[in-house]
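Reviewing the structure listed below.
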Amino acid sequence: MALKKKEIEALKNRWDEDYVAQLNKVLWKKDWRNRQDANVNFHNSPFGEISSKRDFRGLDLKCFSHQNLQDIDLSCSTMTSITRSILKNVTLDYTNIKSGISSILIDCSFEYANLHKTVLNNDGEPIQNTSFYKANLNKLLGSDLVFINCNFNSTNLKRVDLRYCRFENCTFIGTQFFMSTLIHCTFIGEAPQIEQLDSSNIENMVINGEPFDISKVNRNETKEFIELTKDIIYGV
């Protein structure tokens with residue numbers, strides 16, 4: 001069930017300002033050794049655990065890197081970027097990530113998250129078993145990414161620029177594509193439906209080993225104009 005705005009605000013307001021300031025100060029130090037051991041800077045949460053994960057929901061974090069996070073809930077948090085880190089079984093639902101993610105992601109969740117204009121880099125490893133259900137990935141940028149068993153159902157993938165990416169056994173039910181760039185992308189298993197790809201650049205797309213016939217996509221100019229007008233009105 002989707003969280004209400006007041007529930008998200010309550011999670012943000014529960015944190016002590018000094019605690020958060022000190023955490024951000026520690027995270028600012030880009031010590032590569034912190035990546036060797038899990039949760040070096042995320043020991044026991046003052047709020048205990050939720051669903052067997054350390055409860056760090058609602059934090060306002062700056063840039064952090066070289067972290068090894070496991071079994072942590074960071075839902076409803078705000079952060080500038082996550083770089084050179086390892087995230088395993090980390091929940092980031094309803095997070096607002098402003099700049100980019102350049103990290104290993106395994107068994108993570110970004111449901112309802114806002115990754116608008118975010119640059120995504122998988123740090124050379126596949127993004128595995130990760131859910132982007134109903135996340136806002138509008139204008140997401142990435143290349144040479146590999147997604148394995150990821151959930152993109154009902155995700156906003158409008159105007160994304162994804163090149164030379166590989167999707168293995170991912171789902172795209174109700175996924176929103178519009179004026180997206182998916183050049184040289186490969187899909188194994190499920191793939192977006194033809195009608196979902198209308199108005200997108202899908203040159204050299206390959207689905208289950210077969211080059212996709214780009215002529216099958218109906219370029220409906222009227223539909224493009226309506227969708228573009230709608231996005232301008234609502235500021236998407």
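Convention: chains lettered A, B, ... in structure tokens order; per-chain residue numbering from 1; ligands numbered from 1 as shown.
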For range 40-53 of chain A, work out the shell of residues within 6 Å, counting only C-alpha atoms and skipping chain neighbours fewer than 6 positions away, then give it as a PyMOL selection string. chain A and resi 71-73
Selection to disk with N, CA and C atoms, as a compact mmCIF listing (two decimals), in the first residue's frame:
```txt
# COMPACT_ATOMS: atom_id res chain seq x y z
N ASP A 71 20.88 -5.16 4.43
CA ASP A 71 19.71 -5.32 5.32
C ASP A 71 19.36 -4.00 6.03
N ILE A 72 19.22 -2.94 5.22
CA ILE A 72 18.90 -1.61 5.76
C ILE A 72 17.69 -1.06 5.02
N ASP A 73 16.84 -0.33 5.75
CA ASP A 73 15.69 0.34 5.15
C ASP A 73 15.94 1.84 5.16
```
Could you pull out the strand (DSSP E or B) residues of range 9-199 of chain A from DSSP and send them as a PyMOL selection string? chain A and resi 49-50+53-55+60-61+64-65+68-73+78-91+96-106+109+114+119-121+127-128+131+136+141-143+146-148+151+156+161-163+166-168+171+176+181+186-188
Skipping near chain neighbours, those fewer than 4 positions away, what residues fall within 7 Å of Pro126 in chain A using only C-alpha atoms, listed as a short mmCIF file (atom, residue, chain, number, x, y, z; two decimals) with C-alpha atoms, in the first residue's frame?
```cif
data_model
loop_
_atom_site.label_atom_id
_atom_site.label_comp_id
_atom_site.auth_asym_id
_atom_site.auth_seq_id
_atom_site.Cartn_x
_atom_site.Cartn_y
_atom_site.Cartn_z
CA ASN A 122 26.06 -0.30 -12.10
CA VAL A 146 22.78 -4.93 -17.16
CA PHE A 147 19.47 -5.61 -15.39
CA ILE A 148 18.65 -9.14 -14.27
#
```
What is the CA of Thr95 in chain A to CA of Asn129 in chain A distance in Å? 18.1 Å
Using only C-alpha atoms, determine which residues lie at most 10 Å from Pro192 in chain A, disregarding the query and same-chain residues fewer than 6 positions distant; provide the list as a list in words.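 Using only C-alpha atoms, the neighbours found are Phe152, Cys170, Thr171, Phe172, Ile173, Gly174, Thr175, Gln176, Phe177 and Ile207 of chain A.
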Point out the residue among A:Lys98, A:Lys12, A:Lys30, A:Arg166 with the least atom-to-atom distance to Gly189 in chain A, counting only C-alpha atoms.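 Going through A:Lys98, A:Lys12, A:Lys30, A:Arg166 one by one, the smallest distance to Gly189 in chain A is for A:Arg166.
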Env of range 134-144 of chain A: 6 Å cut, atoms = only C-alpha atoms, seq-sep filter 2 positions within chain, self excluded. Answer as a list in words.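 Contacts, in chain order: Glu111, Tyr112, Ala113, Asn114, Leu115, His116, Lys117, Thr118, Val119, Leu120, Phe132, Ser154, Thr155, Asn156, Leu157, Lys158, Arg159, Val160, Asp161, Leu162, Arg163, Tyr164 and Cys165 of chain A.
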Residues from last step as file, N, CA, C and O atoms, as a JSON list (two decimals), in the first residue's frame:
```json
[["chain", "number", "residue", "atom", "x", "y", "z"],
["A", 111, "GLU", "N", 10.89, 1.23, -5.12],
["A", 111, "GLU", "CA", 9.49, 1.42, -5.46],
["A", 111, "GLU", "C", 9.02, 2.83, -5.05],
["A", 111, "GLU", "O", 9.34, 3.31, -3.96],
["A", 112, "TYR", "N", 8.30, 3.48, -5.95],
["A", 112, "TYR", "CA", 7.80, 4.84, -5.76],
["A", 112, "TYR", "C", 8.91, 5.87, -5.59],
["A", 112, "TYR", "O", 8.68, 7.01, -5.18],
["A", 113, "ALA", "N", 10.15, 5.51, -5.88],
["A", 113, "ALA", "CA", 11.27, 6.43, -5.72],
["A", 113, "ALA", "C", 11.30, 7.46, -6.85],
["A", 113, "ALA", "O", 10.75, 7.25, -7.93],
["A", 114, "ASN", "N", 11.95, 8.59, -6.58],
["A", 114, "ASN", "CA", 12.10, 9.65, -7.57],
["A", 114, "ASN", "C", 13.56, 9.70, -8.01],
["A", 114, "ASN", "O", 14.42, 10.19, -7.30],
["A", 115, "LEU", "N", 13.80, 9.16, -9.22],
["A", 115, "LEU", "CA", 15.15, 9.19, -9.80],
["A", 115, "LEU", "C", 15.14, 10.05, -11.07],
["A", 115, "LEU", "O", 15.84, 9.77, -12.03],
["A", 116, "HIS", "N", 14.34, 11.09, -11.06],
["A", 116, "HIS", "CA", 14.21, 11.99, -12.21],
["A", 116, "HIS", "C", 15.55, 12.60, -12.57],
["A", 116, "HIS", "O", 16.25, 13.16, -11.73],
["A", 117, "LYS", "N", 15.96, 12.43, -13.83],
["A", 117, "LYS", "CA", 17.22, 12.96, -14.37],
["A", 117, "LYS", "C", 18.46, 12.34, -13.71],
["A", 117, "LYS", "O", 19.57, 12.88, -13.80],
["A", 118, "THR", "N", 18.30, 11.21, -13.06],
["A", 118, "THR", "CA", 19.41, 10.57, -12.39],
["A", 118, "THR", "C", 20.30, 9.84, -13.40],
["A", 118, "THR", "O", 19.83, 9.28, -14.37],
["A", 119, "VAL", "N", 21.60, 9.86, -13.14],
["A", 119, "VAL", "CA", 22.56, 9.09, -13.94],
["A", 119, "VAL", "C", 22.81, 7.78, -13.21],
["A", 119, "VAL", "O", 23.16, 7.77, -12.03],
["A", 120, "LEU", "N", 22.61, 6.67, -13.91],
["A", 120, "LEU", "CA", 22.72, 5.35, -13.29],
["A", 120, "LEU", "C", 23.93, 4.61, -13.85],
["A", 120, "LEU", "O", 24.12, 4.54, -15.06],
["A", 132, "PHE", "N", 11.75, -1.45, -9.41],
["A", 132, "PHE", "CA", 11.54, -0.02, -9.66],
["A", 132, "PHE", "C", 10.05, 0.24, -9.85],
["A", 132, "PHE", "O", 9.66, 1.18, -10.54],
["A", 154, "SER", "N", 4.77, -0.53, -14.24],
["A", 154, "SER", "CA", 4.18, 0.79, -13.93],
["A", 154, "SER", "C", 5.23, 1.86, -13.65],
["A", 154, "SER", "O", 4.96, 2.86, -12.98],
["A", 155, "THR", "N", 6.43, 1.67, -14.17],
["A", 155, "THR", "CA", 7.51, 2.63, -13.98],
["A", 155, "THR", "C", 7.45, 3.72, -15.05],
["A", 155, "THR", "O", 7.12, 3.46, -16.20],
["A", 156, "ASN", "N", 7.80, 4.95, -14.67],
["A", 156, "ASN", "CA", 7.88, 6.06, -15.62],
["A", 156, "ASN", "C", 9.27, 6.05, -16.26],
["A", 156, "ASN", "O", 10.26, 6.44, -15.64],
["A", 157, "LEU", "N", 9.33, 5.57, -17.50],
["A", 157, "LEU", "CA", 10.57, 5.56, -18.25],
["A", 157, "LEU", "C", 10.48, 6.49, -19.46],
["A", 157, "LEU", "O", 11.07, 6.23, -20.51],
["A", 158, "LYS", "N", 9.76, 7.59, -19.29],
["A", 158, "LYS", "CA", 9.63, 8.55, -20.37],
["A", 158, "LYS", "C", 10.94, 9.32, -20.54],
["A", 158, "LYS", "O", 11.59, 9.70, -19.57],
["A", 159, "ARG", "N", 11.32, 9.52, -21.82],
["A", 159, "ARG", "CA", 12.48, 10.33, -22.18],
["A", 159, "ARG", "C", 13.79, 9.82, -21.57],
["A", 159, "ARG", "O", 14.72, 10.60, -21.35],
["A", 160, "VAL", "N", 13.86, 8.54, -21.25],
["A", 160, "VAL", "CA", 15.12, 8.00, -20.77],
["A", 160, "VAL", "C", 16.10, 7.89, -21.93],
["A", 160, "VAL", "O", 15.70, 7.82, -23.10],
["A", 161, "ASP", "N", 17.37, 7.88, -21.62],
["A", 161, "ASP", "CA", 18.41, 7.67, -22.63],
["A", 161, "ASP", "C", 19.26, 6.50, -22.15],
["A", 161, "ASP", "O", 20.18, 6.65, -21.35],
["A", 162, "LEU", "N", 18.90, 5.30, -22.62],
["A", 162, "LEU", "CA", 19.58, 4.07, -22.22],
["A", 162, "LEU", "C", 20.17, 3.43, -23.48],
["A", 162, "LEU", "O", 19.43, 3.05, -24.39],
["A", 163, "ARG", "N", 21.47, 3.30, -23.52],
["A", 163, "ARG", "CA", 22.14, 2.78, -24.71],
["A", 163, "ARG", "C", 22.99, 1.57, -24.36],
["A", 163, "ARG", "O", 23.65, 1.54, -23.32],
["A", 164, "TYR", "N", 22.96, 0.57, -25.24],
["A", 164, "TYR", "CA", 23.74, -0.65, -25.06],
["A", 164, "TYR", "C", 23.45, -1.32, -23.71],
["A", 164, "TYR", "O", 24.35, -1.83, -23.05],
["A", 165, "CYS", "N", 22.20, -1.28, -23.30],
["A", 165, "CYS", "CA", 21.80, -1.91, -22.04],
["A", 165, "CYS", "C", 21.21, -3.29, -22.30],
["A", 165, "CYS", "O", 20.69, -3.57, -23.38]]
```
Test item: residues at most 6 Å from Ser109 in chain A, only C-alpha atoms, excluding those fewer than 5 positions along its chain, as a PDB file with C-alpha atoms, in the first residue's frame:
```
ATOM      1  CA  THR A  91      15.033  -0.732   0.661  1.00  0.00           C
ATOM      2  CA  LEU A  92      14.981   2.733  -0.917  1.00  0.00           C
ATOM      3  CA  THR A 130      15.721  -4.995  -7.925  1.00  0.00           C
ATOM      4  CA  SER A 131      12.268  -3.417  -8.109  1.00  0.00           C
TER       5      SER A 131
END
```
Could you name the residues that touch Asn204 in chain A at 12 Å or less, counting only C-alpha atoms, but leaving out those on the same chain fewer than 4 positions away, as a list in words? Arg163, Tyr164, Cys165, Thr181, Leu182, Ile183, His184, Cys185, Thr186, Phe187, Gly209, Glu210, Pro211, Phe212, Asp213, Ile214 and Ser215 of chain A
Set out as a tab-separated table a contact list for range 35-74 of chain A and range 21-24 of chain A with a cut-off of 8 Å, giving each residue of range 35-74 of chain A that qualifies its closest atom pair and distance in Å to one decimal, counting only C-alpha atoms, ordered by chain and rising residue number.
```
residue	atom	partner	partner_atom	distance
A:Asn41	CA	A:Leu23	CA	7.5
A:Leu61	CA	A:Asn24	CA	6.2
A:Lys62	CA	A:Asn24	CA	6.2
A:Phe64	CA	A:Asn24	CA	7.9
```
Between A:Lys88, A:Arg33, A:Lys5, A:Arg14, which residue has the minimum interatomic distance to Gln70 in chain A, considering only C-alpha atoms? A:Lys88
Find the distance between CA of Glu7 in chain A and CA of Ile127 in chain A and write it in Å to one decimal.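 Separation between CA of Glu7 in chain A and CA of Ile127 in chain A: 29.3 Å.
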I need the residue nearest Asn39 in chain A from this list: A:Asn68, A:Asn13, A:Ser180, A:Ser81. Use only C-alpha atoms for the distance.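 Counting only C-alpha atoms, the residue closest to Asn39 in chain A is A:Asn68.
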For a quick check of understanding, using only C-alpha atoms, which of A:Cys108, A:Ile194, A:Ile188, A:Ile82 has the smallest distance to His66 in chain A?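 Closest to His66 in chain A, using only C-alpha atoms: A:Ile82.
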Output as JSON, numbers by chain all residues of chain A that backbone DSSP marks as alpha helix (DSSP H). {"A": [5, 6, 7, 8, 9, 10, 11, 12, 13, 17, 18, 19, 20, 21, 22, 23, 24, 25, 26, 27, 28, 221, 222, 223, 224, 225, 226, 227, 228, 229, 230, 231, 232, 233, 234]}
